[in-house]
Amino acid sequence: MVKRKTALKIRKAHRYLGIFLGIQFLMWTISGMYFSWTDIDEIHGDHFKKESVVQSAFENLISPSELNTEKAISALELREIAGIPYYWVNEAQLFNAETGNLKKEISEEEALQIAQRYMLESLELEHIKRIEQVGSHSEYRGRPLPAYVLSYQTPENIKAYVSVKEGAFQTLRHRDWRWFDFLWMTHTMDYQGRDDFNTLVLRVFSLLGLITVLSGFLLWYTSSPTIRKWKKKSKK
């Protein structure tokens, strides 16, 4: 049998671990419930975008070999900006596919037309602004900068992002996505960048959580009347 002092120590350790980890356990539970009960397509904001984007067909485009590129072409994509075809070369340079002229960046009006190809026509634009940098907690983190942010007059606080240099629609963000992002941060415990699932804090709390559960089982084992009766019978 486990001595009374040992049992009290186990009980005390279990209690304090429970108090220390309780809030994080609660956040894991709440965030897990939210993730399992939400439609990921709605979180992505697909219901604010058109079901399909019509791609225009172009003729008489110049050959990519005629472009004055910095390096040999290893990647090439044809993009449409305000009805004009452009080559996006090596994920670095944008060229007019009809004239071969280099385009360093797009204008606000072009960004608006790009967004209109993707966003629902019923959405009303509130304002547009240019951003040069974002923080590690930004909803636009990890994407090309500078960019144009298009804000729409909706209760969901919808924002669409278009890259200035690439001339491409990047993403949209809205209220539910922001809640998802916040809960994801509490779930992964990455309070710096929100996207790292291998943080030291998460590993430590996971280990302590396992210890808490095991101490609970041990506490049950040392204090269970059933176990005591079984041990007494086994000694006879």
# chains A, B, ... in the order shown; residues from 1 in each chain; ligands from 1
call {"tool": "select_by_dssp", "arguments": {"residues": "region 34-193 of chain A", "states": "strand (DSSP E or B)", "output": "PDB file with C-alpha atoms, in the first residue's frame"}}
result
ATOM      1  CA  LYS A  49     -15.969  35.256 -53.486  1.00  0.00           C
ATOM      2  CA  LEU A  76       6.244  31.596 -66.170  1.00  0.00           C
ATOM      3  CA  GLU A  77       2.601  32.488 -65.514  1.00  0.00           C
ATOM      4  CA  LEU A  78       0.130  34.455 -67.628  1.00  0.00           C
ATOM      5  CA  ARG A  79      -1.917  36.928 -65.613  1.00  0.00           C
ATOM      6  CA  GLU A  80      -4.650  39.392 -66.463  1.00  0.00           C
ATOM      7  CA  ILE A  81      -4.536  42.869 -64.946  1.00  0.00           C
ATOM      8  CA  ILE A  84      -4.272  43.378 -70.144  1.00  0.00           C
ATOM      9  CA  PRO A  85      -2.153  40.193 -70.266  1.00  0.00           C
ATOM     10  CA  TYR A  86       1.080  40.056 -68.290  1.00  0.00           C
ATOM     11  CA  TYR A  87       3.826  37.492 -67.850  1.00  0.00           C
ATOM     12  CA  TRP A  88       4.859  36.834 -64.248  1.00  0.00           C
ATOM     13  CA  VAL A  89       8.426  35.603 -64.705  1.00  0.00           C
ATOM     14  CA  GLN A  93       9.196  40.290 -62.599  1.00  0.00           C
ATOM     15  CA  LEU A  94       5.984  41.356 -64.321  1.00  0.00           C
ATOM     16  CA  PHE A  95       6.044  42.026 -68.086  1.00  0.00           C
ATOM     17  CA  ASN A  96       3.337  43.229 -70.465  1.00  0.00           C
ATOM     18  CA  LEU A 102       8.470  45.728 -67.495  1.00  0.00           C
ATOM     19  CA  LYS A 103       5.770  46.686 -64.982  1.00  0.00           C
ATOM     20  CA  MET A 119     -15.111  39.276 -54.885  1.00  0.00           C
ATOM     21  CA  LEU A 125     -15.902  49.042 -51.251  1.00  0.00           C
ATOM     22  CA  GLU A 126     -15.278  51.343 -48.295  1.00  0.00           C
ATOM     23  CA  HIS A 127     -11.658  52.326 -48.903  1.00  0.00           C
ATOM     24  CA  ILE A 128      -8.342  51.075 -50.254  1.00  0.00           C
ATOM     25  CA  LYS A 129      -4.861  51.655 -48.892  1.00  0.00           C
ATOM     26  CA  ARG A 130      -1.316  50.490 -49.474  1.00  0.00           C
ATOM     27  CA  ILE A 131       0.730  48.682 -46.837  1.00  0.00           C
ATOM     28  CA  ALA A 147       0.127  45.168 -51.017  1.00  0.00           C
ATOM     29  CA  TYR A 148      -3.193  46.960 -51.376  1.00  0.00           C
ATOM     30  CA  VAL A 149      -5.835  46.385 -48.716  1.00  0.00           C
ATOM     31  CA  LEU A 150      -9.416  46.739 -49.904  1.00  0.00           C
ATOM     32  CA  SER A 151     -11.930  47.163 -47.079  1.00  0.00           C
ATOM     33  CA  TYR A 152     -15.634  46.500 -47.661  1.00  0.00           C
ATOM     34  CA  LYS A 159     -10.635  42.882 -46.303  1.00  0.00           C
ATOM     35  CA  ALA A 160      -9.133  41.727 -49.593  1.00  0.00           C
ATOM     36  CA  TYR A 161      -5.409  41.840 -50.355  1.00  0.00           C
ATOM     37  CA  VAL A 162      -3.746  42.358 -53.754  1.00  0.00           C
ATOM     38  CA  SER A 163       0.021  42.251 -54.246  1.00  0.00           C
ATOM     39  CA  PHE A 169      -5.175  38.562 -55.696  1.00  0.00           C
ATOM     40  CA  GLN A 170      -3.695  37.148 -52.511  1.00  0.00           C
ATOM     41  CA  THR A 171      -6.399  36.457 -49.949  1.00  0.00           C
ATOM     42  CA  LEU A 172      -9.357  37.829 -48.034  1.00  0.00           C
ATOM     43  CA  ARG A 173      -9.905  38.065 -44.333  1.00  0.00           C
TER      44      ARG A 173
END
call {"tool": "residues_around", "arguments": {"residues": "Ala82 (chain A)", "least_positions_apart": "6", "cutoff": "12 Å", "atoms": "only C-alpha atoms", "output": "NGL selection string"}}
result
:A and (55-56 or 96 or 106-117 or 167-168)
call {"tool": "closest_residue", "arguments": {"among": "A:Arg203, A:Gly83, A:Lys104, A:Gly45", "to": "Ala57 (chain A)", "atoms": "only C-alpha atoms"}}
result
A:Gly83
call {"tool": "residues_around", "arguments": {"residues": "Gly18 (chain A)", "least_positions_apart": "3", "cutoff": "10 Å", "atoms": "only C-alpha atoms", "output": "number ranges by chain"}}
result
A: 12-15, 21-23, 25, 208-209, 212-213, 216
call {"tool": "write_last_selection", "arguments": {"atoms": "all heavy atoms", "output": "mmCIF file, in the first residue's frame"}}
result
data_model
loop_
_atom_site.group_PDB
_atom_site.id
_atom_site.type_symbol
_atom_site.label_atom_id
_atom_site.label_comp_id
_atom_site.auth_asym_id
_atom_site.auth_seq_id
_atom_site.Cartn_x
_atom_site.Cartn_y
_atom_site.Cartn_z
ATOM 1 N N LYS A 12 -1.599 16.566 -3.766
ATOM 2 C CA LYS A 12 -1.214 17.975 -3.802
ATOM 3 C C LYS A 12 -0.606 18.345 -5.155
ATOM 4 O O LYS A 12 -0.926 19.398 -5.735
ATOM 5 C CB LYS A 12 -0.204 18.262 -2.688
ATOM 6 C CG LYS A 12 0.132 19.733 -2.518
ATOM 7 C CD LYS A 12 1.036 19.940 -1.321
ATOM 8 C CE LYS A 12 1.337 21.427 -1.108
ATOM 9 N NZ LYS A 12 2.216 21.644 0.070
ATOM 10 N N ALA A 13 0.259 17.471 -5.680
ATOM 11 C CA ALA A 13 0.877 17.723 -6.983
ATOM 12 C C ALA A 13 -0.179 17.762 -8.084
ATOM 13 O O ALA A 13 -0.144 18.624 -8.968
ATOM 14 C CB ALA A 13 1.914 16.636 -7.289
ATOM 15 N N HIS A 14 -1.135 16.840 -8.008
ATOM 16 C CA HIS A 14 -2.212 16.792 -9.002
ATOM 17 C C HIS A 14 -3.056 18.062 -8.946
ATOM 18 O O HIS A 14 -3.428 18.616 -9.984
ATOM 19 C CB HIS A 14 -3.083 15.560 -8.738
ATOM 20 C CG HIS A 14 -4.230 15.432 -9.697
ATOM 21 N ND1 HIS A 14 -4.069 14.974 -10.977
ATOM 22 C CD2 HIS A 14 -5.556 15.712 -9.545
ATOM 23 C CE1 HIS A 14 -5.234 14.966 -11.588
ATOM 24 N NE2 HIS A 14 -6.159 15.406 -10.745
ATOM 25 N N ARG A 15 -3.343 18.525 -7.736
ATOM 26 C CA ARG A 15 -4.182 19.716 -7.576
ATOM 27 C C ARG A 15 -3.500 20.952 -8.146
ATOM 28 O O ARG A 15 -4.115 21.725 -8.885
ATOM 29 C CB ARG A 15 -4.510 19.918 -6.095
ATOM 30 C CG ARG A 15 -5.440 21.106 -5.857
ATOM 31 C CD ARG A 15 -5.950 21.152 -4.419
ATOM 32 N NE ARG A 15 -4.875 21.387 -3.458
ATOM 33 C CZ ARG A 15 -4.429 20.494 -2.594
ATOM 34 N NH1 ARG A 15 -4.969 19.285 -2.555
ATOM 35 N NH2 ARG A 15 -3.453 20.783 -1.760
ATOM 36 N N LEU A 21 -2.479 24.302 -15.145
ATOM 37 C CA LEU A 21 -2.782 23.965 -16.538
ATOM 38 C C LEU A 21 -4.244 24.171 -16.910
ATOM 39 O O LEU A 21 -4.596 24.068 -18.083
ATOM 40 C CB LEU A 21 -2.408 22.500 -16.807
ATOM 41 C CG LEU A 21 -0.945 22.112 -16.598
ATOM 42 C CD1 LEU A 21 -0.773 20.615 -16.776
ATOM 43 C CD2 LEU A 21 -0.055 22.852 -17.585
ATOM 44 N N GLY A 22 -5.063 24.472 -15.929
ATOM 45 C CA GLY A 22 -6.505 24.527 -16.170
ATOM 46 C C GLY A 22 -6.925 25.484 -17.263
ATOM 47 O O GLY A 22 -7.753 25.138 -18.131
ATOM 48 N N ILE A 23 -6.367 26.703 -17.267
ATOM 49 C CA ILE A 23 -6.753 27.690 -18.268
ATOM 50 C C ILE A 23 -6.364 27.227 -19.666
ATOM 51 O O ILE A 23 -7.151 27.344 -20.621
ATOM 52 C CB ILE A 23 -6.105 29.050 -17.950
ATOM 53 C CG1 ILE A 23 -6.649 29.604 -16.635
ATOM 54 C CG2 ILE A 23 -6.359 30.044 -19.086
ATOM 55 C CD1 ILE A 23 -6.013 30.915 -16.218
ATOM 56 N N PHE A 25 -5.903 24.090 -20.630
ATOM 57 C CA PHE A 25 -6.786 22.980 -20.984
ATOM 58 C C PHE A 25 -8.118 23.501 -21.503
ATOM 59 O O PHE A 25 -8.692 22.965 -22.458
ATOM 60 C CB PHE A 25 -7.023 22.087 -19.762
ATOM 61 C CG PHE A 25 -5.904 21.127 -19.482
ATOM 62 C CD1 PHE A 25 -5.930 20.314 -18.351
ATOM 63 C CD2 PHE A 25 -4.814 21.027 -20.325
ATOM 64 C CE1 PHE A 25 -4.902 19.421 -18.086
ATOM 65 C CE2 PHE A 25 -3.776 20.154 -20.074
ATOM 66 C CZ PHE A 25 -3.823 19.346 -18.946
ATOM 67 N N LEU A 208 3.387 18.354 -19.219
ATOM 68 C CA LEU A 208 2.771 18.568 -17.912
ATOM 69 C C LEU A 208 1.326 18.063 -17.891
ATOM 70 O O LEU A 208 0.851 17.560 -16.877
ATOM 71 C CB LEU A 208 2.813 20.054 -17.550
ATOM 72 C CG LEU A 208 4.191 20.644 -17.229
ATOM 73 C CD1 LEU A 208 4.092 22.146 -16.997
ATOM 74 C CD2 LEU A 208 4.807 19.951 -16.021
ATOM 75 N N GLY A 209 0.657 18.210 -19.020
ATOM 76 C CA GLY A 209 -0.706 17.690 -19.115
ATOM 77 C C GLY A 209 -0.731 16.181 -18.964
ATOM 78 O O GLY A 209 -1.607 15.627 -18.290
ATOM 79 N N THR A 212 -0.201 15.353 -15.398
ATOM 80 C CA THR A 212 -1.422 15.614 -14.628
ATOM 81 C C THR A 212 -2.402 14.462 -14.748
ATOM 82 O O THR A 212 -2.993 14.009 -13.760
ATOM 83 C CB THR A 212 -2.090 16.915 -15.110
ATOM 84 O OG1 THR A 212 -1.174 17.996 -14.975
ATOM 85 C CG2 THR A 212 -3.339 17.208 -14.295
ATOM 86 N N VAL A 213 -2.584 13.975 -15.973
ATOM 87 C CA VAL A 213 -3.505 12.847 -16.189
ATOM 88 C C VAL A 213 -3.005 11.598 -15.474
ATOM 89 O O VAL A 213 -3.775 10.895 -14.803
ATOM 90 C CB VAL A 213 -3.669 12.581 -17.699
ATOM 91 C CG1 VAL A 213 -4.488 11.309 -17.932
ATOM 92 C CG2 VAL A 213 -4.354 13.762 -18.384
ATOM 93 N N GLY A 216 -3.512 11.740 -11.839
ATOM 94 C CA GLY A 216 -4.922 11.501 -11.520
ATOM 95 C C GLY A 216 -5.227 10.017 -11.441
ATOM 96 O O GLY A 216 -5.930 9.569 -10.520
#
call {"tool": "residues_around", "arguments": {"residues": "Gly100 (chain A)", "least_positions_apart": "6", "cutoff": "9 Å", "atoms": "only C-alpha atoms", "output": "NGL selection string"}}
result
:A and (62-64 or 66-68 or 86-87)
call {"tool": "select_by_dssp", "arguments": {"residues": "region 73-217 of chain A", "states": "helix (DSSP H, G or I)", "output": "MDAnalysis selection string"}}
result
chainID A and resid 108:118 175:188 200:217
call {"tool": "write_last_selection", "arguments": {"atoms": "N, CA and C atoms", "output": "tab-separated table (two decimals), in the first residue's frame"}}
result
chain	number	residue	atom	x	y	z
A	108	GLU	N	-3.70	51.58	-57.70
A	108	GLU	CA	-4.88	51.29	-56.88
A	108	GLU	C	-6.06	50.87	-57.75
A	109	GLU	N	-6.24	51.57	-58.88
A	109	GLU	CA	-7.35	51.25	-59.77
A	109	GLU	C	-7.20	49.83	-60.33
A	110	GLU	N	-5.99	49.44	-60.66
A	110	GLU	CA	-5.76	48.08	-61.17
A	110	GLU	C	-6.00	47.06	-60.07
A	111	ALA	N	-5.59	47.38	-58.85
A	111	ALA	CA	-5.83	46.47	-57.72
A	111	ALA	C	-7.32	46.29	-57.50
A	112	LEU	N	-8.08	47.36	-57.64
A	112	LEU	CA	-9.53	47.29	-57.49
A	112	LEU	C	-10.14	46.38	-58.55
A	113	GLN	N	-9.70	46.50	-59.78
A	113	GLN	CA	-10.23	45.67	-60.86
A	113	GLN	C	-9.85	44.20	-60.67
A	114	ILE	N	-8.66	43.97	-60.14
A	114	ILE	CA	-8.25	42.59	-59.85
A	114	ILE	C	-9.16	41.98	-58.79
A	115	ALA	N	-9.40	42.74	-57.71
A	115	ALA	CA	-10.26	42.25	-56.63
A	115	ALA	C	-11.68	42.03	-57.11
A	116	GLN	N	-12.17	42.87	-58.01
A	116	GLN	CA	-13.53	42.73	-58.51
A	116	GLN	C	-13.73	41.43	-59.27
A	117	ARG	N	-12.68	40.89	-59.84
A	117	ARG	CA	-12.78	39.63	-60.55
A	117	ARG	C	-13.04	38.46	-59.60
A	118	TYR	N	-12.68	38.63	-58.33
A	118	TYR	CA	-12.80	37.55	-57.36
A	118	TYR	C	-13.94	37.76	-56.35
A	175	ARG	N	-14.21	38.53	-40.14
A	175	ARG	CA	-14.33	38.38	-38.68
A	175	ARG	C	-14.14	36.95	-38.21
A	176	ASP	N	-14.82	35.99	-38.85
A	176	ASP	CA	-14.73	34.60	-38.39
A	176	ASP	C	-13.32	34.06	-38.56
A	177	TRP	N	-12.63	34.47	-39.64
A	177	TRP	CA	-11.25	34.02	-39.83
A	177	TRP	C	-10.37	34.53	-38.70
A	178	ARG	N	-10.62	35.76	-38.28
A	178	ARG	CA	-9.80	36.35	-37.21
A	178	ARG	C	-10.02	35.62	-35.90
A	179	TRP	N	-11.26	35.22	-35.61
A	179	TRP	CA	-11.52	34.41	-34.42
A	179	TRP	C	-10.80	33.08	-34.53
A	180	PHE	N	-10.85	32.48	-35.70
A	180	PHE	CA	-10.17	31.20	-35.93
A	180	PHE	C	-8.67	31.37	-35.71
A	181	ASP	N	-8.11	32.45	-36.22
A	181	ASP	CA	-6.68	32.70	-36.09
A	181	ASP	C	-6.28	32.88	-34.64
A	182	PHE	N	-7.10	33.61	-33.88
A	182	PHE	CA	-6.80	33.81	-32.45
A	182	PHE	C	-6.85	32.49	-31.69
A	183	LEU	N	-7.88	31.70	-31.94
A	183	LEU	CA	-8.00	30.42	-31.25
A	183	LEU	C	-6.91	29.45	-31.68
A	184	TRP	N	-6.49	29.55	-32.94
A	184	TRP	CA	-5.39	28.72	-33.41
A	184	TRP	C	-4.11	29.05	-32.64
A	185	MET	N	-3.91	30.35	-32.36
A	185	MET	CA	-2.75	30.78	-31.58
A	185	MET	C	-2.79	30.16	-30.18
A	186	THR	N	-3.96	30.18	-29.54
A	186	THR	CA	-4.07	29.61	-28.20
A	186	THR	C	-3.93	28.09	-28.23
A	187	HIS	N	-4.29	27.48	-29.35
A	187	HIS	CA	-4.21	26.02	-29.47
A	187	HIS	C	-2.75	25.58	-29.66
A	188	THR	N	-2.02	26.29	-30.53
A	188	THR	CA	-0.62	25.93	-30.79
A	188	THR	C	0.33	26.54	-29.77
A	200	LEU	N	8.33	25.35	-27.91
A	200	LEU	CA	8.79	24.76	-26.65
A	200	LEU	C	7.69	24.84	-25.60
A	201	VAL	N	6.95	25.95	-25.60
A	201	VAL	CA	5.86	26.12	-24.62
A	201	VAL	C	4.82	25.02	-24.79
A	202	LEU	N	4.45	24.73	-26.03
A	202	LEU	CA	3.45	23.68	-26.29
A	202	LEU	C	3.97	22.32	-25.83
A	203	ARG	N	5.22	22.05	-26.08
A	203	ARG	CA	5.79	20.76	-25.67
A	203	ARG	C	5.80	20.62	-24.15
A	204	VAL	N	6.18	21.69	-23.46
A	204	VAL	CA	6.22	21.65	-22.00
A	204	VAL	C	4.83	21.44	-21.43
A	205	PHE	N	3.85	22.21	-21.93
A	205	PHE	CA	2.49	22.09	-21.42
A	205	PHE	C	1.89	20.72	-21.75
A	206	SER	N	2.22	20.18	-22.91
A	206	SER	CA	1.73	18.85	-23.26
A	206	SER	C	2.29	17.80	-22.31
A	207	LEU	N	3.57	17.92	-21.99
A	207	LEU	CA	4.20	16.98	-21.06
A	207	LEU	C	3.59	17.11	-19.66
A	208	LEU	N	3.39	18.35	-19.22
A	208	LEU	CA	2.77	18.57	-17.91
A	208	LEU	C	1.33	18.06	-17.89
A	209	GLY	N	0.66	18.21	-19.02
A	209	GLY	CA	-0.71	17.69	-19.12
A	209	GLY	C	-0.73	16.18	-18.96
A	210	LEU	N	0.23	15.51	-19.59
A	210	LEU	CA	0.33	14.05	-19.46
A	210	LEU	C	0.61	13.66	-18.02
A	211	ILE	N	1.50	14.39	-17.37
A	211	ILE	CA	1.82	14.11	-15.97
A	211	ILE	C	0.59	14.31	-15.09
A	212	THR	N	-0.20	15.35	-15.40
A	212	THR	CA	-1.42	15.61	-14.63
A	212	THR	C	-2.40	14.46	-14.75
A	213	VAL	N	-2.58	13.98	-15.97
A	213	VAL	CA	-3.51	12.85	-16.19
A	213	VAL	C	-3.00	11.60	-15.47
A	214	LEU	N	-1.72	11.31	-15.60
A	214	LEU	CA	-1.16	10.13	-14.96
A	214	LEU	C	-1.23	10.22	-13.44
A	215	SER	N	-1.02	11.42	-12.90
A	215	SER	CA	-1.12	11.60	-11.45
A	215	SER	C	-2.56	11.39	-10.99
A	216	GLY	N	-3.51	11.74	-11.84
A	216	GLY	CA	-4.92	11.50	-11.52
A	216	GLY	C	-5.23	10.02	-11.44
A	217	PHE	N	-4.70	9.26	-12.40
A	217	PHE	CA	-4.88	7.81	-12.37
A	217	PHE	C	-4.21	7.20	-11.14
call {"tool": "atom_distance", "arguments": {"atom1": "CA of Leu123 (chain A)", "atom2": "CA of Lys50 (chain A)"}}
result
11.1 Å
call {"tool": "atom_distance", "arguments": {"atom1": "CA of Val53 (chain A)", "atom2": "CA of Glu121 (chain A)"}}
result
12.4 Å
call {"tool": "atom_distance", "arguments": {"atom1": "CA of Phe48 (chain A)", "atom2": "CA of Gly142 (chain A)"}}
result
22.1 Å
call {"tool": "closest_residue", "arguments": {"among": "A:Leu218, A:Glu132, A:Glu124, A:Leu61", "to": "Thr99 (chain A)", "atoms": "only C-alpha atoms"}}
result
A:Leu61
call {"tool": "decode", "arguments": {"residues": "region 180-192 of chain A", "atoms": "N, CA, C and O atoms", "output": "PDB file, in the first residue's frame"}}
result
ATOM      1  N   PHE A 180     -10.854  32.475 -35.701  1.00  0.00           N
ATOM      2  CA  PHE A 180     -10.170  31.205 -35.934  1.00  0.00           C
ATOM      3  C   PHE A 180      -8.672  31.367 -35.709  1.00  0.00           C
ATOM      4  O   PHE A 180      -8.030  30.531 -35.062  1.00  0.00           O
ATOM      5  N   ASP A 181      -8.111  32.447 -36.225  1.00  0.00           N
ATOM      6  CA  ASP A 181      -6.677  32.696 -36.095  1.00  0.00           C
ATOM      7  C   ASP A 181      -6.277  32.882 -34.639  1.00  0.00           C
ATOM      8  O   ASP A 181      -5.240  32.373 -34.200  1.00  0.00           O
ATOM      9  N   PHE A 182      -7.097  33.607 -33.876  1.00  0.00           N
ATOM     10  CA  PHE A 182      -6.803  33.813 -32.454  1.00  0.00           C
ATOM     11  C   PHE A 182      -6.849  32.491 -31.687  1.00  0.00           C
ATOM     12  O   PHE A 182      -5.947  32.188 -30.888  1.00  0.00           O
ATOM     13  N   LEU A 183      -7.883  31.700 -31.939  1.00  0.00           N
ATOM     14  CA  LEU A 183      -8.002  30.415 -31.247  1.00  0.00           C
ATOM     15  C   LEU A 183      -6.907  29.447 -31.680  1.00  0.00           C
ATOM     16  O   LEU A 183      -6.456  28.614 -30.886  1.00  0.00           O
ATOM     17  N   TRP A 184      -6.495  29.549 -32.939  1.00  0.00           N
ATOM     18  CA  TRP A 184      -5.390  28.716 -33.413  1.00  0.00           C
ATOM     19  C   TRP A 184      -4.112  29.047 -32.644  1.00  0.00           C
ATOM     20  O   TRP A 184      -3.329  28.172 -32.294  1.00  0.00           O
ATOM     21  N   MET A 185      -3.912  30.351 -32.360  1.00  0.00           N
ATOM     22  CA  MET A 185      -2.748  30.776 -31.577  1.00  0.00           C
ATOM     23  C   MET A 185      -2.792  30.164 -30.180  1.00  0.00           C
ATOM     24  O   MET A 185      -1.774  29.678 -29.671  1.00  0.00           O
ATOM     25  N   THR A 186      -3.960  30.182 -29.536  1.00  0.00           N
ATOM     26  CA  THR A 186      -4.067  29.608 -28.197  1.00  0.00           C
ATOM     27  C   THR A 186      -3.928  28.089 -28.232  1.00  0.00           C
ATOM     28  O   THR A 186      -3.503  27.484 -27.254  1.00  0.00           O
ATOM     29  N   HIS A 187      -4.291  27.484 -29.346  1.00  0.00           N
ATOM     30  CA  HIS A 187      -4.206  26.024 -29.473  1.00  0.00           C
ATOM     31  C   HIS A 187      -2.753  25.582 -29.663  1.00  0.00           C
ATOM     32  O   HIS A 187      -2.308  24.612 -29.051  1.00  0.00           O
ATOM     33  N   THR A 188      -2.019  26.290 -30.526  1.00  0.00           N
ATOM     34  CA  THR A 188      -0.623  25.931 -30.790  1.00  0.00           C
ATOM     35  C   THR A 188       0.328  26.542 -29.770  1.00  0.00           C
ATOM     36  O   THR A 188       1.488  26.130 -29.682  1.00  0.00           O
ATOM     37  N   MET A 189      -0.159  27.558 -29.028  1.00  0.00           N
ATOM     38  CA  MET A 189       0.643  28.271 -28.050  1.00  0.00           C
ATOM     39  C   MET A 189       1.855  28.956 -28.683  1.00  0.00           C
ATOM     40  O   MET A 189       2.888  29.151 -28.031  1.00  0.00           O
ATOM     41  N   ASP A 190       1.717  29.312 -29.952  1.00  0.00           N
ATOM     42  CA  ASP A 190       2.739  30.099 -30.625  1.00  0.00           C
ATOM     43  C   ASP A 190       2.318  31.561 -30.550  1.00  0.00           C
ATOM     44  O   ASP A 190       1.598  32.054 -31.422  1.00  0.00           O
ATOM     45  N   TYR A 191       2.758  32.249 -29.524  1.00  0.00           N
ATOM     46  CA  TYR A 191       2.332  33.622 -29.294  1.00  0.00           C
ATOM     47  C   TYR A 191       3.224  34.635 -30.015  1.00  0.00           C
ATOM     48  O   TYR A 191       3.038  35.837 -29.848  1.00  0.00           O
ATOM     49  N   GLN A 192       4.156  34.142 -30.814  1.00  0.00           N
ATOM     50  CA  GLN A 192       5.014  35.029 -31.596  1.00  0.00           C
ATOM     51  C   GLN A 192       4.497  35.157 -33.030  1.00  0.00           C
ATOM     52  O   GLN A 192       4.192  36.244 -33.493  1.00  0.00           O
TER      53      GLN A 192
END
